[in-house]
Structures are given as C-alpha cells and as structure tokens.
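Engineer: What follows is work_35.csv, made up of CSV, C-alpha atoms:
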```csv
chain,number,residue,atom,x,y,z
A,1,MET,CA,145.0,119.3,106.4
A,2,PRO,CA,144.2,119.7,110.1
A,3,GLY,CA,142.1,122.6,111.4
A,4,LEU,CA,141.5,124.4,114.6
A,5,LEU,CA,138.9,121.9,115.8
A,6,ASP,CA,141.0,118.8,115.1
A,7,PRO,CA,142.8,116.9,117.9
A,8,ILE,CA,146.6,117.1,118.3
A,9,ARG,CA,149.3,115.4,120.3
A,10,VAL,CA,151.4,117.9,122.2
A,11,GLY,CA,154.3,116.3,124.1
A,12,ASP,CA,152.7,113.8,126.5
A,13,LEU,CA,149.2,115.1,126.0
A,14,GLU,CA,146.4,114.3,123.6
A,15,LEU,CA,144.4,117.5,123.1
A,16,PRO,CA,140.9,117.6,121.7
A,17,ASN,CA,141.4,120.8,119.6
A,18,ARG,CA,144.1,123.3,118.6
A,19,ILE,CA,142.5,126.3,120.3
A,20,PHE,CA,144.8,127.3,123.2
A,21,MET,CA,144.0,129.8,125.9
A,22,SER,CA,146.8,132.4,126.1
A,23,PRO,CA,148.2,133.4,129.5
A,24,LEU,CA,146.3,136.4,130.6
A,25,THR,CA,147.2,138.6,133.6
A,26,ARG,CA,143.9,139.5,135.3
A,27,LEU,CA,144.9,140.6,138.8
A,28,ARG,CA,142.2,138.5,140.6
A,29,GLY,CA,144.5,137.0,143.4
A,30,THR,CA,144.7,138.3,146.9
A,31,VAL,CA,146.8,141.3,148.0
A,32,ASP,CA,149.4,138.7,149.3
A,33,HIS,CA,149.4,136.9,146.0
A,34,VAL,CA,147.3,133.8,146.7
A,35,PRO,CA,144.8,132.5,144.2
A,36,THR,CA,141.1,133.0,144.9
A,37,PRO,CA,137.8,131.0,144.5
A,38,LEU,CA,136.8,133.5,141.8
A,39,MET,CA,139.8,132.3,139.7
A,40,MET,CA,138.6,128.7,140.1
A,41,GLU,CA,135.3,129.6,138.3
A,42,TYR,CA,137.1,131.6,135.6
A,43,TYR,CA,139.3,128.7,134.6
A,44,ARG,CA,136.6,126.1,134.9
A,45,GLN,CA,134.5,128.0,132.5
A,46,ARG,CA,137.2,127.8,129.9
A,47,ALA,CA,138.0,124.1,130.2
A,48,GLY,CA,136.9,123.5,126.6
A,49,ALA,CA,140.3,124.9,125.4
A,50,GLY,CA,142.6,122.4,123.9
A,51,LEU,CA,145.0,123.6,126.5
A,52,ILE,CA,144.7,126.4,129.1
A,53,ILE,CA,147.9,128.2,129.8
A,54,SER,CA,147.4,130.1,133.1
A,55,GLU,CA,148.1,133.7,133.7
A,56,GLY,CA,151.8,134.5,134.4
A,57,VAL,CA,152.6,133.2,137.9
A,58,PRO,CA,155.7,134.7,139.7
A,59,VAL,CA,158.1,132.0,141.0
A,60,ASP,CA,159.5,134.3,143.8
A,61,PRO,CA,158.4,137.5,145.6
A,62,MET,CA,161.1,139.4,143.8
A,63,GLY,CA,159.5,138.3,140.5
A,64,VAL,CA,156.3,140.3,141.2
A,65,GLY,CA,155.6,143.4,139.1
A,66,TYR,CA,151.8,143.8,139.4
A,67,ALA,CA,149.3,144.0,142.3
A,68,GLN,CA,147.3,140.9,143.2
A,69,VAL,CA,149.0,138.5,140.8
A,70,PRO,CA,148.9,134.9,142.2
A,71,GLY,CA,152.3,133.4,142.9
A,72,ILE,CA,153.7,129.9,143.3
A,73,TRP,CA,156.5,130.1,145.9
A,74,SER,CA,154.5,129.2,149.0
A,75,GLN,CA,152.5,126.2,150.3
A,76,ALA,CA,149.4,128.4,150.8
A,77,GLN,CA,149.6,129.3,147.1
A,78,VAL,CA,150.0,125.6,146.1
A,79,GLU,CA,146.9,124.6,148.1
A,80,ALA,CA,144.8,127.4,146.5
A,81,TRP,CA,146.0,126.4,143.0
A,82,LYS,CA,145.0,122.8,143.7
A,83,LEU,CA,141.3,123.8,143.8
A,84,ILE,CA,141.7,125.5,140.4
A,85,THR,CA,143.4,122.5,138.7
A,86,GLN,CA,140.8,120.2,140.2
A,87,ALA,CA,138.0,122.3,138.8
A,88,VAL,CA,139.5,122.4,135.3
A,89,HIS,CA,140.1,118.6,135.3
A,90,GLU,CA,136.6,117.8,136.6
A,91,ALA,CA,135.3,119.9,133.7
A,92,GLY,CA,137.4,117.8,131.3
A,93,GLY,CA,140.1,120.4,130.7
A,94,ARG,CA,143.9,120.5,130.8
A,95,ILE,CA,146.0,123.3,132.2
A,96,PHE,CA,149.6,124.4,132.2
A,97,MET,CA,151.0,127.0,134.6
A,98,GLN,CA,153.0,129.8,133.1
A,99,ILE,CA,155.9,130.4,135.4
A,100,TRP,CA,157.2,133.9,135.4
A,101,HIS,CA,159.7,136.4,136.8
A,102,VAL,CA,159.3,140.1,135.7
A,103,GLY,CA,162.9,141.2,136.5
A,104,ARG,CA,163.3,144.9,135.9
A,105,ILE,CA,159.6,145.4,135.0
A,106,SER,CA,158.7,146.0,138.6
A,107,HIS,CA,159.1,148.7,141.2
A,108,PRO,CA,160.0,148.9,144.9
A,109,LEU,CA,156.3,149.3,145.6
A,110,PHE,CA,155.9,145.6,144.9
A,111,LEU,CA,159.2,144.4,146.4
A,112,GLY,CA,159.2,145.6,150.0
A,113,GLY,CA,161.2,148.6,149.0
A,114,LYS,CA,163.9,146.7,147.2
A,115,LEU,CA,165.2,147.5,143.8
A,116,PRO,CA,164.0,145.2,140.9
A,117,ILE,CA,166.7,142.8,139.6
A,118,ALA,CA,167.9,142.4,136.1
A,119,PRO,CA,170.9,141.2,134.0
A,120,SER,CA,172.2,144.8,133.9
A,121,ALA,CA,171.5,148.1,135.5
A,122,VAL,CA,169.6,149.4,132.5
A,123,LYS,CA,166.4,151.4,133.3
A,124,PRO,CA,163.4,150.6,131.1
A,125,LYS,CA,161.5,153.5,129.4
A,126,GLY,CA,157.9,154.0,130.4
A,127,ASN,CA,155.8,153.8,133.5
A,128,VAL,CA,154.8,151.0,135.9
A,129,SER,CA,151.6,149.3,134.7
A,130,HIS,CA,148.4,150.1,136.6
A,131,VAL,CA,150.1,152.3,139.2
A,132,ARG,CA,148.6,155.8,139.7
A,133,PRO,CA,149.8,158.5,139.8
A,134,LEU,CA,152.0,157.6,136.8
A,135,THR,CA,155.3,156.2,138.2
A,136,GLU,CA,158.4,155.7,136.1
A,137,PHE,CA,160.3,152.5,136.2
A,138,VAL,CA,163.5,152.6,138.3
A,139,THR,CA,167.0,151.5,137.4
A,140,PRO,CA,167.3,147.9,138.5
A,141,ARG,CA,170.1,146.2,140.3
A,142,ALA,CA,172.3,143.9,138.2
A,143,LEU,CA,172.4,140.3,139.5
A,144,GLU,CA,175.7,138.8,140.6
A,145,THR,CA,176.6,135.5,138.9
A,146,ALA,CA,175.7,133.4,142.0
A,147,GLU,CA,172.3,135.1,142.1
A,148,VAL,CA,171.6,134.1,138.5
A,149,LYS,CA,172.1,130.5,139.6
A,150,GLU,CA,169.4,131.1,142.3
A,151,ILE,CA,167.0,132.2,139.6
A,152,VAL,CA,167.3,128.8,138.0
A,153,GLU,CA,166.4,127.2,141.3
A,154,GLN,CA,163.4,129.5,141.7
A,155,PHE,CA,162.1,128.3,138.3
A,156,ARG,CA,162.7,124.7,139.4
A,157,ARG,CA,160.8,125.3,142.6
A,158,GLY,CA,158.0,127.0,140.6
A,159,ALA,CA,157.8,123.9,138.4
A,160,GLN,CA,157.8,121.6,141.5
A,161,ASN,CA,155.1,123.6,143.2
A,162,ALA,CA,153.0,123.6,140.0
A,163,LYS,CA,153.3,119.9,139.8
A,164,ALA,CA,152.2,119.6,143.5
A,165,ALA,CA,149.3,121.8,142.7
A,166,GLY,CA,148.1,119.4,140.0
A,167,PHE,CA,149.0,121.3,136.8
A,168,ASP,CA,149.6,119.2,133.7
A,169,GLY,CA,152.8,121.0,132.9
A,170,VAL,CA,154.4,124.4,132.8
A,171,GLU,CA,155.2,127.1,130.2
A,172,LEU,CA,158.1,129.4,131.0
A,173,HIS,CA,157.5,133.0,130.3
A,174,GLY,CA,160.5,133.9,128.1
A,175,ALA,CA,158.8,136.9,126.3
A,176,ASN,CA,157.6,140.5,126.5
A,177,GLY,CA,160.7,142.0,128.1
A,178,TYR,CA,160.5,140.1,131.4
A,179,LEU,CA,163.6,138.5,133.1
A,180,LEU,CA,164.4,135.6,130.8
A,181,ASP,CA,163.9,137.9,127.8
A,182,GLN,CA,166.0,140.5,129.4
A,183,PHE,CA,168.9,138.1,129.6
A,184,LEU,CA,168.4,136.9,126.1
A,185,GLN,CA,168.3,140.2,124.2
A,186,ASP,CA,171.4,142.4,123.9
A,187,GLY,CA,169.5,145.7,124.5
A,188,THR,CA,169.1,144.8,128.2
A,189,ASN,CA,172.0,142.4,128.7
A,190,GLN,CA,175.4,144.1,129.1
A,191,ARG,CA,177.0,141.4,131.2
A,192,THR,CA,180.6,140.2,130.8
A,193,ASP,CA,180.3,136.9,132.7
A,194,GLU,CA,179.0,133.5,131.5
A,195,TYR,CA,175.5,135.0,131.1
A,196,GLY,CA,176.4,137.9,128.8
A,197,GLY,CA,178.1,138.7,125.5
A,198,SER,CA,177.6,135.9,122.9
A,199,VAL,CA,174.1,134.7,122.0
A,200,GLU,CA,175.1,131.3,123.7
A,201,ASN,CA,175.8,133.1,126.9
A,202,ARG,CA,172.7,135.4,126.8
A,203,ALA,CA,170.5,132.4,126.1
A,204,ARG,CA,172.1,130.4,129.0
A,205,LEU,CA,169.6,131.4,131.7
A,206,MET,CA,166.5,130.7,129.6
A,207,LEU,CA,167.9,127.3,128.6
A,208,GLU,CA,169.0,126.5,132.2
A,209,CYS,CA,165.5,127.4,133.5
A,210,ALA,CA,163.9,125.2,130.8
A,211,ASP,CA,166.2,122.3,131.8
A,212,ALA,CA,165.1,122.9,135.4
A,213,ALA,CA,161.5,122.6,134.5
A,214,VAL,CA,162.2,119.5,132.4
A,215,SER,CA,163.9,117.9,135.5
A,216,VAL,CA,160.5,118.2,137.2
A,217,PHE,CA,158.0,117.4,134.5
A,218,GLY,CA,160.0,115.8,131.6
A,219,PRO,CA,160.2,117.6,128.3
A,220,GLY,CA,156.7,116.5,127.1
A,221,ARG,CA,155.1,118.7,129.7
A,222,VAL,CA,157.2,121.9,129.3
A,223,GLY,CA,156.7,124.8,126.9
A,224,MET,CA,158.3,128.1,126.3
A,225,HIS,CA,156.8,131.5,125.4
A,226,LEU,CA,158.8,133.7,123.1
A,227,ALA,CA,158.3,137.1,121.3
A,228,PRO,CA,161.0,137.4,118.6
A,229,HIS,CA,159.9,140.9,117.3
A,230,SER,CA,157.9,142.4,120.2
A,231,PRO,CA,159.2,145.7,121.6
A,232,SER,CA,157.2,145.2,124.9
A,233,HIS,CA,158.8,146.9,127.9
A,234,ASP,CA,161.6,148.6,126.0
A,235,ILE,CA,163.2,145.3,124.8
A,236,HIS,CA,165.3,145.0,121.7
A,237,ASP,CA,168.1,143.1,120.1
A,238,LEU,CA,170.5,144.1,117.3
A,239,ARG,CA,170.3,140.7,115.6
A,240,PRO,CA,166.9,139.3,116.5
A,241,TRP,CA,166.7,136.3,114.3
A,242,GLU,CA,170.3,135.3,115.1
A,243,THR,CA,169.3,135.4,118.8
A,244,PHE,CA,165.9,133.8,118.6
A,245,GLY,CA,166.8,131.3,115.9
A,246,TYR,CA,169.6,130.0,118.2
A,247,VAL,CA,167.3,129.7,121.2
A,248,ILE,CA,164.5,128.1,119.2
A,249,ARG,CA,166.9,125.5,117.8
A,250,GLU,CA,168.2,124.7,121.3
A,251,LEU,CA,164.7,124.3,122.7
A,252,GLY,CA,164.0,122.0,119.8
A,253,LYS,CA,166.9,119.8,120.7
A,254,ARG,CA,165.4,119.5,124.2
A,255,LYS,CA,162.1,118.1,122.6
A,256,LEU,CA,159.9,120.5,124.6
A,257,ALA,CA,156.2,119.9,124.2
A,258,PHE,CA,155.8,123.2,122.4
A,259,ILE,CA,156.9,126.8,122.0
A,260,CYS,CA,154.2,129.5,121.9
A,261,VAL,CA,155.4,132.5,119.9
A,262,ARG,CA,154.0,136.0,119.5
A,263,ASP,CA,154.1,136.1,115.8
A,264,PRO,CA,151.3,138.3,114.2
A,265,LEU,CA,150.7,138.1,110.5
A,266,GLY,CA,152.3,140.9,108.5
A,267,PRO,CA,155.7,141.8,107.1
A,268,GLU,CA,157.6,140.6,110.1
A,269,HIS,CA,155.8,137.2,110.3
A,270,LEU,CA,158.3,134.4,110.9
A,271,GLY,CA,156.0,131.4,110.9
A,272,ARG,CA,157.9,129.0,108.6
A,273,LYS,CA,161.3,130.0,109.9
A,274,ILE,CA,160.2,129.3,113.5
A,275,LYS,CA,158.6,126.0,112.6
A,276,ASP,CA,161.7,124.8,110.7
A,277,ALA,CA,164.0,125.9,113.5
A,278,PHE,CA,162.1,124.2,116.3
A,279,GLY,CA,160.9,121.1,114.5
A,280,GLY,CA,158.2,120.4,117.0
A,281,VAL,CA,154.7,121.8,117.9
A,282,VAL,CA,154.5,125.5,117.4
A,283,VAL,CA,151.7,127.5,118.9
A,284,THR,CA,151.3,131.0,117.4
A,285,ASN,CA,149.4,134.0,118.8
A,286,GLU,CA,148.6,137.7,118.7
A,287,GLY,CA,145.7,139.1,116.8
A,288,TYR,CA,144.5,135.9,115.1
A,289,THR,CA,140.8,135.4,114.1
A,290,ARG,CA,139.1,132.1,113.5
A,291,GLU,CA,139.8,132.5,109.7
A,292,THR,CA,143.5,133.5,110.0
A,293,ALA,CA,144.1,130.8,112.6
A,294,GLU,CA,142.7,128.2,110.2
A,295,GLN,CA,145.0,129.6,107.5
A,296,VAL,CA,148.2,129.4,109.5
A,297,ILE,CA,147.5,125.9,110.6
A,298,GLU,CA,146.5,124.7,107.1
A,299,SER,CA,149.8,126.2,105.8
A,300,GLY,CA,151.8,124.1,108.2
A,301,GLU,CA,153.5,127.2,109.8
A,302,ALA,CA,151.9,126.5,113.1
A,303,ASP,CA,150.1,123.6,114.8
A,304,ALA,CA,147.8,125.5,117.1
A,305,VAL,CA,146.8,129.0,117.9
A,306,ALA,CA,146.5,130.7,121.3
A,307,PHE,CA,143.7,133.2,121.8
A,308,GLY,CA,143.7,135.9,124.5
A,309,LYS,CA,141.0,138.6,124.4
A,310,LEU,CA,138.6,136.3,122.6
A,311,PHE,CA,138.9,133.8,125.5
A,312,ILE,CA,138.3,136.6,128.0
A,313,ALA,CA,135.0,137.4,126.4
A,314,ASN,CA,134.0,133.9,125.3
A,315,PRO,CA,134.5,131.2,127.9
A,316,ASP,CA,133.1,128.7,125.4
A,317,LEU,CA,135.2,129.9,122.5
A,318,PRO,CA,135.9,126.4,120.9
A,319,ARG,CA,132.1,125.7,120.9
A,320,ARG,CA,131.4,129.1,119.3
A,321,PHE,CA,134.0,128.4,116.6
A,322,ALA,CA,132.5,124.9,116.0
A,323,GLU,CA,129.0,126.3,115.7
A,324,GLY,CA,129.8,129.5,113.9
A,325,ALA,CA,128.2,131.4,116.7
A,326,GLU,CA,128.5,135.1,117.3
A,327,LEU,CA,131.3,136.1,119.6
A,328,ASN,CA,130.9,138.3,122.7
A,329,ALA,CA,133.0,141.5,122.6
A,330,PRO,CA,135.6,141.9,125.3
A,331,VAL,CA,135.4,144.9,127.7
A,332,PRO,CA,138.9,146.3,128.2
A,333,GLU,CA,137.8,148.4,131.2
A,334,THR,CA,137.4,145.2,133.3
A,335,PHE,CA,140.6,143.4,132.2
A,336,TYR,CA,142.6,144.4,135.2
A,337,THR,CA,140.0,145.0,138.0
A,338,HIS,CA,139.7,142.8,141.0
A,339,GLY,CA,136.1,141.5,141.1
A,340,PRO,CA,133.8,139.2,139.1
A,341,GLU,CA,132.6,141.8,136.6
A,342,GLY,CA,134.2,141.2,133.3
A,343,TYR,CA,135.8,138.0,134.6
A,344,VAL,CA,133.2,135.3,135.2
A,345,ASP,CA,130.1,136.9,133.9
A,346,TYR,CA,130.5,136.8,130.1
A,347,PRO,CA,127.6,134.7,128.8
A,348,GLU,CA,128.0,131.2,127.4
A,349,LEU,CA,125.8,129.7,124.6
A,350,PRO,CA,122.7,128.0,125.9
A,351,GLU,CA,122.8,124.3,126.2
A,352,SER,CA,121.3,122.4,123.3
A,353,ASP,CA,118.5,119.8,124.0
A,354,GLY,CA,121.1,117.0,123.4
A,355,GLU,CA,123.5,118.5,125.9
A,356,SER,CA,120.7,119.0,128.5
A,357,ALA,CA,119.8,115.3,128.1
A,358,GLN,CA,123.4,114.2,128.6
A,359,ILE,CA,123.8,116.4,131.7
A,360,ALA,CA,120.5,115.0,133.1
A,361,ALA,CA,121.7,111.4,132.5
A,362,ALA,CA,125.0,112.1,134.1
A,363,GLU,CA,123.4,113.6,137.1
A,364,SER,CA,121.0,110.7,137.4
A,365,GLN,CA,123.9,108.2,137.1
A,366,ALA,CA,125.8,110.1,139.9
A,367,CYS,CA,122.8,109.7,142.2
A,368,VAL,CA,122.6,105.9,141.8
```
Would you write the structure of this file as structure tokens?
Structural biologist:
Amino acid sequence: MPGLLDPIRVGDLELPNRIFMSPLTRLRGTVDHVPTPLMMEYYRQRAGAGLIISEGVPVDPMGVGYAQVPGIWSQAQVEAWKLITQAVHEAGGRIFMQIWHVGRISHPLFLGGKLPIAPSAVKPKGNVSHVRPLTEFVTPRALETAEVKEIVEQFRRGAQNAKAAGFDGVELHGANGYLLDQFLQDGTNQRTDEYGGSVENRARLMLECADAAVSVFGPGRVGMHLAPHSPSHDIHDLRPWETFGYVIRELGKRKLAFICVRDPLGPEHLGRKIKDAFGGVVVTNEGYTRETAEQVIESGEADAVAFGKLFIANPDLPRRFAEGAELNAPVPETFYTHGPEGYVDYPELPESDGESAQIAAAESQACV
C-alpha cells in the first residue's frame, strides 16, 4: 500500500509525495491586498510539499474579509504572484492558488463601507476575526440572481489571473462558511430562485464556479475544498450528507484533480463515504499526525493528507517525516501578524554532507 512519502498522480500532475500544504491565511500581503516579497520566501521554503495550496485569495474586492490578504483581481496582484510561483518552481515545487470569496463573513470595514453579500440576509453569529475592539458581524445583503451570475465570472477571472501568474492550477474554497458554502448549506441559503431550495439549486453556484475554473485550466488542474461537518462561521445544514454527497458526486463527474475535505478522525469521520462518492483523488485534513495520516492512506480512505500548522512551523516537513526528525512547535501568537517573525524564521534541518556536495556541484555547473 502507498504511504505519505510515495509519489502520486493528481489530475495532470505527477507529485513526489502525498504531503500537501493546506491553504493558510497569514495576512502578509500589503494593506491594498498585493502579495509581498516576504511571501515569496515563505512559499519557496515549503516547495518540498507534494503540492502547495496557497492561502485563500479573494477573487474580488467584495470577497475580502481580512486585513492584508493578497488578492487576484488586479494586474498588480498578478505580477506580484508571478514572483512567488517562479520561486516555488525554481525550488522544484508545485503550487495551486486557492480562489476565495468570503461572502457574509466580512464587514463594511473591509468593503469601503458596503454591506457584505450573501445568498440571503442572514446575520452570522460571532465577531469579525482579528478586529479590535470586538465587532459583531452585520446582516449581509442578499444577492440578486443576476449578481450571482457575476460571482461565477469573478471566479473565472480569478482562475485566469492565477494561470497568468504561473500557478499550476486552482482550488476553489467551498468550505468553512464562506460564500460557496453559504449557498450550498440550507442554514444560510433561504433563496427561492434557481440558486435556492433543492440541493441541486443550492449546489448550483459551487458547480458553476468549478466549471468556470475548468474552462480555464481543464479539470486536471482544478480542486475543491469542502467541510461536510464543520460549524465554522455559523454554517449548518439539516441534511449534511444528502447535501455534500450530492455535490461530491457532481464534482466526481467533472473529473476534478482532487477534492480536499476537512474530515478529522472521530465519530463523524466520513472517509470511505467521501472516497466512494467522488471516485477520484481525495485529500483529507484537520488534525492529522504523521501516524494517522499514514493510516488513512493505507486504508484507502484518502490518497493524500494536507497539513496546516505543521507546515507553518516546519518548512521542510516532508524531509522531517522522511528522516523521523523532531518537529518544530508552531507559535500561534504569530500566525496572523504582518512581519517575518513566525513566518519565514522557523528553522530547517541542516544540510547533510551529501546535500552540500550536490549543491556545490550544481553551483559549479551554473558558473561554467
């Protein structure tokens, strides 16, 4: 049976291992949502992942819900992302962009005074992340049907810009209570048009956005992120497996490269049901260790595992797994700050003598 360190074909890509880097919001862009050189170093350090999935990247200014997240709607953003993908590729890595719209999980503070948008005018419980003093979410504005069509085009533009920036593909953020998830789950979708009511209607936006990304990259370079039993951002559904089983089967029909599913081990674990419904490459994540990741791959419930906090603290995570090396501990206090501390300064393992010789030989060859 395959293990974490074995290669795998995912869509159009041959990957050297099954250790994916999860999308991780880190807030290291500029105040006007342009990627920075600091981000280039951060992703380059983690190029040993089988596949890097970037932090969530808003496809439109109205899709922003956090300060200093880098976007993908402008040419300036495209040019800045090019430096990042180039650095990852030069280090031998592969990187997908996670394209994102937060919907109602925002605030007029981030939207030029405008109300957040959502499938329905349902206010989420809780407070806006990382805003002080504590600030409650507001009641969003329900999108008109014609505006929903515009969201599809925003995701298409995001995929086009990601391709122009040199990304190997895109993953759509369909999880954690953000816009596509808000349309999918009946706790937030009270619409009566073609995007509400039945599960087929509620899934329509997610599937149309997936189709838009496929129109740019082809199915073998598109993934989808899902969270079938996550209550993040006050999201819920009366019949979760009926809803998610439907959308997973539909994504399987489209032959997407993979789906990445928040599916922790425990009583609600859905591994085999998800794998059987999708039929393709399933990436699982949330709370896995090296040992439990190996178990879920060996069982055939998943094909790869995405790691988040462990990749924050261990830029060379695949090598540490391969060598059985001790892992650095993540420092949560620096997860969402804006500088290099806790971002690009976690130590990597020292180079072995063999690696040093290889590097020296490569540098000598480059000087000829």
Engineer: Within 8 Å of segment 205-228 of chain A, which residues of segment 243-315 of chain A show up? Give each one with its shortest atom-to-atom distance in Å (one decimal) and the two atoms involved, counting only C-alpha atoms, rows by chain then rising residue number, as JSON lines.
Structural biologist:
```
{"residue": "A:Phe244", "atom": "CA", "partner": "A:Pro228", "partner_atom": "CA", "distance": 6.1}
{"residue": "A:Val247", "atom": "CA", "partner": "A:Leu207", "partner_atom": "CA", "distance": 7.8}
{"residue": "A:Glu250", "atom": "CA", "partner": "A:Leu207", "partner_atom": "CA", "distance": 7.8}
{"residue": "A:Leu251", "atom": "CA", "partner": "A:Leu207", "partner_atom": "CA", "distance": 7.4}
{"residue": "A:Arg254", "atom": "CA", "partner": "A:Pro219", "partner_atom": "CA", "distance": 6.9}
{"residue": "A:Lys255", "atom": "CA", "partner": "A:Pro219", "partner_atom": "CA", "distance": 6.0}
{"residue": "A:Leu256", "atom": "CA", "partner": "A:Pro219", "partner_atom": "CA", "distance": 4.7}
{"residue": "A:Ala257", "atom": "CA", "partner": "A:Gly220", "partner_atom": "CA", "distance": 4.5}
{"residue": "A:Phe258", "atom": "CA", "partner": "A:Gly223", "partner_atom": "CA", "distance": 4.9}
{"residue": "A:Ile259", "atom": "CA", "partner": "A:Met224", "partner_atom": "CA", "distance": 4.7}
{"residue": "A:Cys260", "atom": "CA", "partner": "A:His225", "partner_atom": "CA", "distance": 4.8}
{"residue": "A:Val261", "atom": "CA", "partner": "A:Leu226", "partner_atom": "CA", "distance": 4.8}
{"residue": "A:Arg262", "atom": "CA", "partner": "A:Ala227", "partner_atom": "CA", "distance": 4.8}
{"residue": "A:Asp263", "atom": "CA", "partner": "A:Ala227", "partner_atom": "CA", "distance": 7.0}
```
Engineer: Pick from A:Lys273, A:Arg104, A:Lys253, A:Lys123: nearest to Asn176 of chain A, with all atoms listed in the file counted?
Structural biologist: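 Nearest to Asn176 of chain A: A:Arg104.
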Engineer: Using only C-alpha atoms - which residues lie no farther than 12 Å from the point (146.6, 121.1, 132.6) in the file's frame? Write them as number ranges by chain.
Structural biologist: A: 10, 12-15, 20-21, 43-44, 46-54, 81-82, 84-98, 162-163, 165-171, 221-222
Engineer: Determine, counting all atoms listed in the file, which protein, DNA and RNA residues have an atom within 8 Å of an atom of segment 2-8 of chain A; residues of the same chain fewer than 4 positions away are not included. Present the result as a short mmCIF file (atom, residue, chain, number, x, y, z; two decimals) with C-alpha atoms, in the frame of the given file.
Structural biologist:
```cif
data_model
loop_
_atom_site.label_atom_id
_atom_site.label_comp_id
_atom_site.auth_asym_id
_atom_site.auth_seq_id
_atom_site.Cartn_x
_atom_site.Cartn_y
_atom_site.Cartn_z
CA GLU A 14 146.40 114.30 123.60
CA LEU A 15 144.40 117.50 123.10
CA PRO A 16 140.90 117.60 121.70
CA ASN A 17 141.40 120.80 119.60
CA ARG A 18 144.10 123.30 118.60
CA ILE A 19 142.50 126.30 120.30
CA ALA A 293 144.10 130.80 112.60
CA GLU A 294 142.70 128.20 110.20
CA ILE A 297 147.50 125.90 110.60
CA GLU A 298 146.50 124.70 107.10
CA ALA A 304 147.80 125.50 117.10
CA VAL A 305 146.80 129.00 117.90
CA PRO A 318 135.90 126.40 120.90
CA ALA A 322 132.50 124.90 116.00
#
```
Engineer: Quick one: pull the distance between atom CA of Val344 of chain A and atom CA of Glu41 of chain A, Å, one decimal.
Structural biologist: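 That distance, rounded to one decimal, is 6.8 Å.
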Engineer: Please define a box with edges along x, y and z of the file around all atoms of segment 197-216 of chain A given in the file, extend it by 3 Å on each side, and return its centre and edge lengths in Å to one decimal, as JSON.
Structural biologist:
```
{"center_x": 169.3, "center_y": 128.3, "center_z": 129.6, "size_x": 23.6, "size_y": 26.8, "size_z": 21.2}
```
Engineer: Name the closest residue to Ser106 of chain A among the candidates A:His173, A:Arg249, A:His233, A:Lys149; distances are taken between atoms, counting all atoms listed in the file.
Structural biologist: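 When distances to Ser106 of chain A are compared using all atoms listed in the file, the smallest one comes from A:His233.
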Engineer: As an exercise, work out the distance from atom CA of Pro140 of chain A to atom CA of Glu153 of chain A in Å and give it to one decimal place.
Structural biologist: 20.9 Å
Engineer: Of the candidates A:Arg28, A:Lys114, A:Arg202, A:His269, which one gets nearest to Gly63 of chain A if we count only C-alpha atoms?
Structural biologist: A:Lys114
Engineer: Under the rule that all atoms listed in the file are counted, which of A:Ile105, A:Val282, A:Thr25, A:Glu144 is the nearest residue to Gly65 of chain A?
Structural biologist: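 Residue with the minimum atom-to-atom distance to Gly65 of chain A: A:Ile105.
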Engineer: Of the candidates A:Arg156, A:His229, A:Arg141, A:Arg26, which shows the shortest atom-to-atom distance to Asp181 of chain A, using only C-alpha atoms?
Structural biologist: A:His229
Engineer: Atom CA of Val281 of chain A and atom CA of Val199 of chain A are how many Å apart?
Structural biologist: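 The value is 23.7 Å.
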Engineer: Considering only C-alpha atoms, state which residue in the set A:Asp234, A:Ser299, A:Tyr346, A:Val78 is at the smallest distance from Phe311 of chain A.
Structural biologist: A:Tyr346
